[in-house]
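Shown next: entry_18.tsv, containing TSV, C-alpha atoms.
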chain	number	residue	atom	x	y	z
X	1	MET	CA	108.19	95.68	-2.59
X	2	ASN	CA	107.08	92.90	-0.25
X	3	VAL	CA	110.43	91.58	1.01
X	4	ARG	CA	108.95	88.38	2.38
X	5	GLU	CA	107.24	87.52	-0.91
X	6	GLU	CA	110.35	88.40	-2.93
X	7	LYS	CA	112.48	86.17	-0.70
X	8	ARG	CA	109.97	83.34	-1.07
X	9	ARG	CA	110.28	83.68	-4.85
X	10	PHE	CA	114.11	83.61	-4.72
X	11	ARG	CA	114.04	80.69	-2.28
X	12	ALA	CA	111.79	78.58	-4.54
X	13	HIS	CA	113.80	79.42	-7.66
X	14	PHE	CA	117.24	78.66	-6.21
X	15	ARG	CA	116.10	75.58	-4.34
X	16	LYS	CA	114.76	74.14	-7.58
X	17	LEU	CA	118.03	74.94	-9.40
X	18	ARG	CA	120.06	73.26	-6.64
X	19	GLU	CA	117.85	70.16	-6.67
X	20	GLN	CA	118.33	69.88	-10.45
X	21	CYS	CA	122.12	70.30	-10.41
X	22	PRO	CA	123.76	67.14	-11.83
X	23	PRO	CA	125.96	65.32	-9.26
X	24	GLU	CA	129.11	65.60	-11.39
X	25	VAL	CA	128.63	69.38	-11.74
X	26	LYS	CA	127.99	69.76	-8.01
X	27	GLN	CA	131.13	67.75	-7.22
X	28	ARG	CA	133.25	70.01	-9.46
X	29	LEU	CA	131.74	73.15	-7.89
X	30	ASP	CA	132.32	71.76	-4.37
X	31	GLU	CA	135.97	71.02	-5.16
X	32	GLY	CA	136.59	74.59	-6.34
X	33	LEU	CA	134.72	76.13	-3.45
X	34	THR	CA	136.47	73.96	-0.87
X	35	ALA	CA	139.87	74.93	-2.28
X	36	LYS	CA	138.97	78.63	-1.90
X	37	VAL	CA	137.85	78.15	1.72
X	38	LEU	CA	140.92	76.09	2.69
X	39	SER	CA	143.26	78.77	1.33
X	40	LEU	CA	141.45	81.71	2.95
X	41	PRO	CA	143.73	83.57	5.43
X	42	GLU	CA	140.86	83.83	7.93
X	43	TYR	CA	140.41	80.07	7.77
X	44	LEU	CA	144.10	79.30	8.10
X	45	SER	CA	144.49	81.58	11.14
X	46	CYS	CA	141.29	80.76	13.04
X	47	ASP	CA	141.39	78.61	16.17
X	48	THR	CA	137.65	77.90	16.10
X	49	LEU	CA	135.62	77.12	12.99
X	50	PHE	CA	131.84	77.39	13.20
X	51	VAL	CA	130.50	75.39	10.26
X	52	PHE	CA	127.20	73.86	9.19
X	53	VAL	CA	126.94	70.20	8.27
X	54	SER	CA	125.75	70.26	4.67
X	55	SER	CA	122.59	68.70	3.31
X	56	PRO	CA	122.64	67.17	-0.19
X	57	ILE	CA	121.63	70.42	-1.95
X	58	GLU	CA	124.02	72.66	0.01
X	59	CYS	CA	127.67	73.38	-0.69
X	60	ASP	CA	129.51	70.36	0.69
X	61	THR	CA	131.30	71.07	3.98
X	62	THR	CA	132.62	67.58	4.79
X	63	ARG	CA	136.13	68.20	3.47
X	64	ILE	CA	136.26	71.58	5.26
X	65	ILE	CA	135.25	69.93	8.54
X	66	ASP	CA	137.78	67.12	8.09
X	67	ASP	CA	140.58	69.54	7.20
X	68	ALA	CA	139.85	71.75	10.22
X	69	LEU	CA	139.89	68.74	12.53
X	70	CYS	CA	143.19	67.53	11.02
X	71	ARG	CA	144.71	70.98	11.60
X	72	GLY	CA	143.71	70.84	15.28
X	73	LYS	CA	141.10	73.59	15.04
X	74	ARG	CA	138.11	73.52	17.36
X	75	VAL	CA	135.17	72.67	15.11
X	76	ALA	CA	131.72	73.78	16.20
X	77	VAL	CA	128.56	72.68	14.41
X	78	PRO	CA	124.95	73.78	14.96
X	79	ARG	CA	122.08	72.03	16.66
X	80	CYS	CA	118.55	73.44	16.31
X	81	THR	CA	117.12	73.92	19.79
X	82	ASP	CA	113.54	74.72	18.78
X	83	ARG	CA	111.32	75.46	15.80
X	84	ALA	CA	111.40	79.20	16.59
X	85	GLY	CA	114.75	79.67	14.85
X	86	ASN	CA	117.20	79.20	17.73
X	87	MET	CA	120.31	77.06	17.59
X	88	ASP	CA	123.40	76.36	19.65
X	89	PHE	CA	126.81	75.27	18.44
X	90	TYR	CA	128.67	72.28	19.87
X	91	TYR	CA	132.30	71.24	19.50
X	92	ILE	CA	132.91	67.96	17.72
X	93	ARG	CA	136.06	65.86	17.54
X	94	SER	CA	134.94	63.89	14.48
X	95	ARG	CA	132.00	63.65	12.10
X	96	GLY	CA	131.23	60.35	13.84
X	97	GLU	CA	129.72	62.39	16.68
X	98	LEU	CA	126.89	63.56	14.40
X	99	SER	CA	123.45	61.96	14.11
X	100	PRO	CA	120.17	62.86	12.36
X	101	GLY	CA	118.42	65.80	13.99
X	102	ALA	CA	116.00	68.57	13.11
X	103	TYR	CA	114.97	68.85	9.45
X	104	GLY	CA	116.93	65.64	8.72
X	105	LEU	CA	120.25	67.44	9.23
X	106	SER	CA	123.23	65.86	10.96
X	107	GLU	CA	123.67	67.41	14.40
X	108	PRO	CA	125.90	66.95	17.45
X	109	ASP	CA	124.60	65.11	20.52
X	110	PRO	CA	124.35	67.59	23.42
X	111	ALA	CA	124.83	64.70	25.88
X	112	THR	CA	128.33	63.98	24.56
X	113	CYS	CA	129.47	67.24	22.93
X	114	GLU	CA	130.45	70.48	24.67
X	115	ARG	CA	128.24	73.51	23.95
X	116	VAL	CA	130.06	76.60	22.72
X	117	THR	CA	129.67	79.53	25.10
X	118	ASP	CA	132.21	81.97	23.63
X	119	LEU	CA	130.83	83.48	20.44
X	120	SER	CA	133.25	86.42	20.41
X	121	GLN	CA	135.74	85.06	17.88
X	122	GLY	CA	136.41	82.47	15.20
X	123	LEU	CA	135.32	82.01	11.61
X	124	CYS	CA	131.72	81.07	10.85
X	125	ILE	CA	130.87	79.44	7.52
X	126	VAL	CA	127.31	80.51	6.69
X	127	PRO	CA	124.95	78.58	4.38
X	128	GLY	CA	122.47	80.04	1.92
X	129	LEU	CA	120.44	79.04	-1.11
X	130	CYS	CA	121.71	82.20	-2.80
X	131	PHE	CA	123.80	85.24	-1.90
X	132	ASP	CA	124.25	88.70	-3.31
X	133	TYR	CA	127.61	90.35	-3.84
X	134	GLU	CA	127.37	92.22	-0.52
X	135	GLY	CA	127.02	88.97	1.45
X	136	TYR	CA	123.27	89.08	2.05
X	137	ARG	CA	121.59	85.72	1.69
X	138	VAL	CA	118.34	83.88	1.25
X	139	GLY	CA	118.36	80.74	3.34
X	140	PHE	CA	115.75	78.10	3.94
X	141	GLY	CA	113.43	80.59	5.64
X	142	LYS	CA	113.61	79.68	9.32
X	143	GLY	CA	115.92	82.54	10.42
X	144	TYR	CA	118.36	80.39	12.38
X	145	TYR	CA	121.51	82.02	11.04
X	146	ASP	CA	120.20	85.60	11.20
X	147	ARG	CA	119.48	85.10	14.91
X	148	PHE	CA	122.87	83.47	15.49
X	149	LEU	CA	124.79	86.16	13.60
X	150	ASP	CA	123.28	88.81	15.90
X	151	GLN	CA	125.30	87.22	18.74
X	152	PHE	CA	128.45	86.20	16.86
X	153	GLY	CA	131.53	88.43	17.18
X	154	GLY	CA	133.93	86.67	14.80
X	155	VAL	CA	134.35	86.74	11.03
X	156	THR	CA	131.52	85.41	8.87
X	157	ALA	CA	131.92	83.82	5.43
X	158	GLY	CA	129.01	82.84	3.23
X	159	ILE	CA	129.66	80.00	0.80
X	160	CYS	CA	127.75	79.63	-2.43
X	161	TYR	CA	128.29	78.53	-6.00
X	162	SER	CA	128.86	81.52	-8.30
X	163	LYS	CA	125.86	80.63	-10.45
X	164	TYR	CA	123.64	81.11	-7.37
X	165	THR	CA	124.81	84.65	-6.68
X	166	VAL	CA	122.93	87.76	-7.76
X	167	ARG	CA	123.66	91.46	-7.78
X	168	GLN	CA	121.25	92.31	-4.96
X	169	LEU	CA	118.72	90.39	-2.89
X	170	PRO	CA	115.69	91.80	-1.06
X	171	ARG	CA	116.57	92.62	2.57
X	172	GLY	CA	114.60	92.89	5.74
X	173	ALA	CA	115.47	94.71	8.96
X	174	HIS	CA	116.77	91.51	10.62
X	175	ASP	CA	118.90	90.27	7.72
X	176	ARG	CA	122.65	90.14	8.36
X	177	HIS	CA	125.33	90.14	5.70
X	178	THR	CA	128.48	88.06	5.86
X	179	ASP	CA	131.92	89.67	6.02
X	180	ILE	CA	133.12	87.52	3.13
X	181	LEU	CA	131.37	85.78	0.23
X	182	ILE	CA	133.23	82.75	-1.16
X	183	THR	CA	132.37	80.99	-4.40
X	184	GLU	CA	134.36	78.56	-6.52
X	185	LYS	CA	135.29	81.51	-8.79
X	186	PHE	CA	135.72	84.56	-6.57
X	187	ILE	CA	135.94	85.96	-3.04
X	188	ASN	CA	134.18	89.22	-2.10
X	189	ARG	CA	135.05	91.04	1.11
X	190	ASN	CA	132.15	93.08	2.50
X	191	GLY	CA	133.86	95.41	4.97

Kindly return the structure encoded in the file as structure tokens.
Amino acid sequence: MNVREEKRRFRAHFRKLREQCPPEVKQRLDEGLTAKVLSLPEYLSCDTLFVFVSSPIECDTTRIIDDALCRGKRVAVPRCTDRAGNMDFYYIRSRGELSPGAYGLSEPDPATCERVTDLSQGLCIVPGLCFDYEGYRVGFGKGYYDRFLDQFGGVTAGICYSKYTVRQLPRGAHDRHTDILITEKFINRNG
């Protein structure tokens, strides 16, 4: 099996499904998923939350970010540093500190936000177009999160709508699974 080609096929299929999801369905899925994340013991106990700023076709993270800030957690969001798949995380104090960056995503301004240097702990919310039940994912194909997860020492949680999960995805040598998979319907722990 050609893993790269199989992933490309999954990526195209699930991206198309996400783009076609009606807004009212997506909103309902986001509400259920957000409730699961906000009640997760690892979320409630973490001091630092590493979380992506969602694009329109991704699971919405705005309420998660706002809740974490209200609880006094340190919230760190990614900024792409190059096209080779590297990114750094920066602490934000509000979503108002975000502006359009790479790939049209909202990113922190490195001139005004503090770069995170301690990657040894915290909870990281990981995006993906689809996940399998063991926490492996197919993302957008740039490898940013796989590279980051190699350095991260905290707990990782992939978030995905249940209808975009599959039994098993193709895996390459550099793919990293998440410790937890959270959907609007279930939570899988991948010890």

Exercise: Glu107 of chain X partners within 12 Å, only C-alpha atoms, chain neighbours under 5 positions left out, as an NGL selection string
:X and (51-55 or 76-81 or 87-92 or 94-102 or 112-113)

Atomic separation - atom CA of Ile182 of chain X relative to atom CA of Ile159 of chain X, Å
4.9 Å

re atom CA of Gly135 of chain X and atom CA of Thr62 of chain X: distance 22.4 Å

When you look at Arg147 of chain X with a cut-off of 9 Å (counting all atoms listed in the file), what residues show up, excluding the ones that are within fewer than 4 positions of it in the same chain? I need them as an MDAnalysis selection string.
chainID X and resid 85:87 143 151 174:176

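Atom to atom, atom CA of Lys7 of chain X and atom CA of Lys36 of chain X stand 27.6 Å apart.
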
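Using all atoms listed in the file for every distance, the candidate list X:Pro41, X:Gly104, X:Gly141, X:Gly128 yields X:Gly141 as the residue closest to Ala84 of chain X.
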
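Shortest atom-to-atom contact with Arg4 of chain X among X:Thr165, X:Glu42, X:Phe152, X:Val138: X:Val138, counting only C-alpha atoms.
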
So that all listed atoms of segment 18-23 of chain X fit with 5 Å spare on each side, what axis-aligned box centre and edge lengths in Å, to one decimal, would you give as lines of an AutoDock Vina configuration file?
center_x = 121.9
center_y = 69.3
center_z = -9.2
size_x = 18.1
size_y = 17.9
size_z = 15.2

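For the residues X:Asp66, X:Asp82, X:Asp60, X:Asp47, ranking by smallest atom-to-atom distance to Arg28 of chain X using all atoms listed in the file places X:Asp60 first.
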
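Using only C-alpha atoms for every distance, the candidate list X:Tyr144, X:Phe10, X:Phe50, X:Tyr43 yields X:Phe10 as the residue closest to Asp132 of chain X.
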
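With all atoms listed in the file as the atoms that count, the minimum distance from Leu105 of chain X to the choices X:Pro56, X:Leu49, X:His13, X:Ser162 is reached by X:Pro56.
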
Minimum-distance residue to Lys185 of chain X, chosen among X:Cys70, X:Cys160, X:Cys46, X:Ala111 (using all atoms listed in the file)
X:Cys160

Which residues are near Leu40 of chain X? Cut-off 12 Å, all atoms listed in the file, ignore same chain within fewer than 5 positions. Put them as number ranges by chain.
X: 33-35, 45-46, 64, 123, 125, 155, 157, 180-183, 186-189

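Within 7 Å of the point (140.2, 74.4, 13.9) in file coordinates, and counting only C-alpha atoms, lie the residues Cys46, Asp47, Thr48, Leu49, Ala68, Leu69, Arg71, Gly72, Lys73, Arg74 and Val75 of chain X.
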
Radius query 8 Å about (123.3, 82.3, -8.9), atoms used: all atoms listed in the file, as an mmCIF file with C-alpha atoms, in the frame of the given file:
data_model
loop_
_atom_site.group_PDB
_atom_site.id
_atom_site.type_symbol
_atom_site.label_atom_id
_atom_site.label_comp_id
_atom_site.auth_asym_id
_atom_site.auth_seq_id
_atom_site.Cartn_x
_atom_site.Cartn_y
_atom_site.Cartn_z
ATOM 1 C CA PHE X 14 117.240 78.660 -6.210
ATOM 2 C CA CYS X 130 121.710 82.200 -2.800
ATOM 3 C CA PHE X 131 123.800 85.240 -1.900
ATOM 4 C CA TYR X 161 128.290 78.530 -6.000
ATOM 5 C CA SER X 162 128.860 81.520 -8.300
ATOM 6 C CA LYS X 163 125.860 80.630 -10.450
ATOM 7 C CA TYR X 164 123.640 81.110 -7.370
ATOM 8 C CA THR X 165 124.810 84.650 -6.680
ATOM 9 C CA VAL X 166 122.930 87.760 -7.760
#

Could I see segment 101-114 of chain X restored to N, CA and C atoms, set down as a PDB file, in the frame of the given file?
ATOM      1  N   GLY X 101     119.137  64.912  13.075  1.00  0.00           N
ATOM      2  CA  GLY X 101     118.420  65.800  13.990  1.00  0.00           C
ATOM      3  C   GLY X 101     117.301  66.521  13.275  1.00  0.00           C
ATOM      4  N   ALA X 102     117.086  67.767  13.674  1.00  0.00           N
ATOM      5  CA  ALA X 102     116.000  68.570  13.110  1.00  0.00           C
ATOM      6  C   ALA X 102     116.147  68.711  11.599  1.00  0.00           C
ATOM      7  N   TYR X 103     115.037  68.672  10.897  1.00  0.00           N
ATOM      8  CA  TYR X 103     114.970  68.850   9.450  1.00  0.00           C
ATOM      9  C   TYR X 103     115.806  67.794   8.697  1.00  0.00           C
ATOM     10  N   GLY X 104     116.135  66.680   9.351  1.00  0.00           N
ATOM     11  CA  GLY X 104     116.930  65.640   8.720  1.00  0.00           C
ATOM     12  C   GLY X 104     118.407  65.958   8.618  1.00  0.00           C
ATOM     13  N   LEU X 105     118.847  67.031   9.271  1.00  0.00           N
ATOM     14  CA  LEU X 105     120.250  67.440   9.230  1.00  0.00           C
ATOM     15  C   LEU X 105     121.062  66.688  10.279  1.00  0.00           C
ATOM     16  N   SER X 106     122.334  66.485   9.989  1.00  0.00           N
ATOM     17  CA  SER X 106     123.230  65.860  10.960  1.00  0.00           C
ATOM     18  C   SER X 106     123.592  66.897  12.024  1.00  0.00           C
ATOM     19  N   GLU X 107     123.432  66.498  13.284  1.00  0.00           N
ATOM     20  CA  GLU X 107     123.670  67.410  14.400  1.00  0.00           C
ATOM     21  C   GLU X 107     124.486  66.716  15.491  1.00  0.00           C
ATOM     22  N   PRO X 108     125.157  67.521  16.327  1.00  0.00           N
ATOM     23  CA  PRO X 108     125.900  66.950  17.450  1.00  0.00           C
ATOM     24  C   PRO X 108     124.948  66.533  18.570  1.00  0.00           C
ATOM     25  N   ASP X 109     125.375  65.571  19.375  1.00  0.00           N
ATOM     26  CA  ASP X 109     124.600  65.110  20.520  1.00  0.00           C
ATOM     27  C   ASP X 109     124.962  65.964  21.731  1.00  0.00           C
ATOM     28  N   PRO X 110     124.023  66.725  22.283  1.00  0.00           N
ATOM     29  CA  PRO X 110     124.350  67.590  23.420  1.00  0.00           C
ATOM     30  C   PRO X 110     124.741  66.810  24.684  1.00  0.00           C
ATOM     31  N   ALA X 111     124.446  65.514  24.716  1.00  0.00           N
ATOM     32  CA  ALA X 111     124.830  64.700  25.880  1.00  0.00           C
ATOM     33  C   ALA X 111     126.313  64.357  25.856  1.00  0.00           C
ATOM     34  N   THR X 112     126.913  64.373  24.661  1.00  0.00           N
ATOM     35  CA  THR X 112     128.330  63.980  24.560  1.00  0.00           C
ATOM     36  C   THR X 112     129.242  65.087  24.039  1.00  0.00           C
ATOM     37  N   CYS X 113     128.678  66.146  23.485  1.00  0.00           N
ATOM     38  CA  CYS X 113     129.470  67.240  22.930  1.00  0.00           C
ATOM     39  C   CYS X 113     129.350  68.490  23.792  1.00  0.00           C
ATOM     40  N   GLU X 114     130.416  69.253  23.851  1.00  0.00           N
ATOM     41  CA  GLU X 114     130.450  70.480  24.670  1.00  0.00           C
ATOM     42  C   GLU X 114     129.807  71.630  23.899  1.00  0.00           C
TER      43      GLU X 114
END
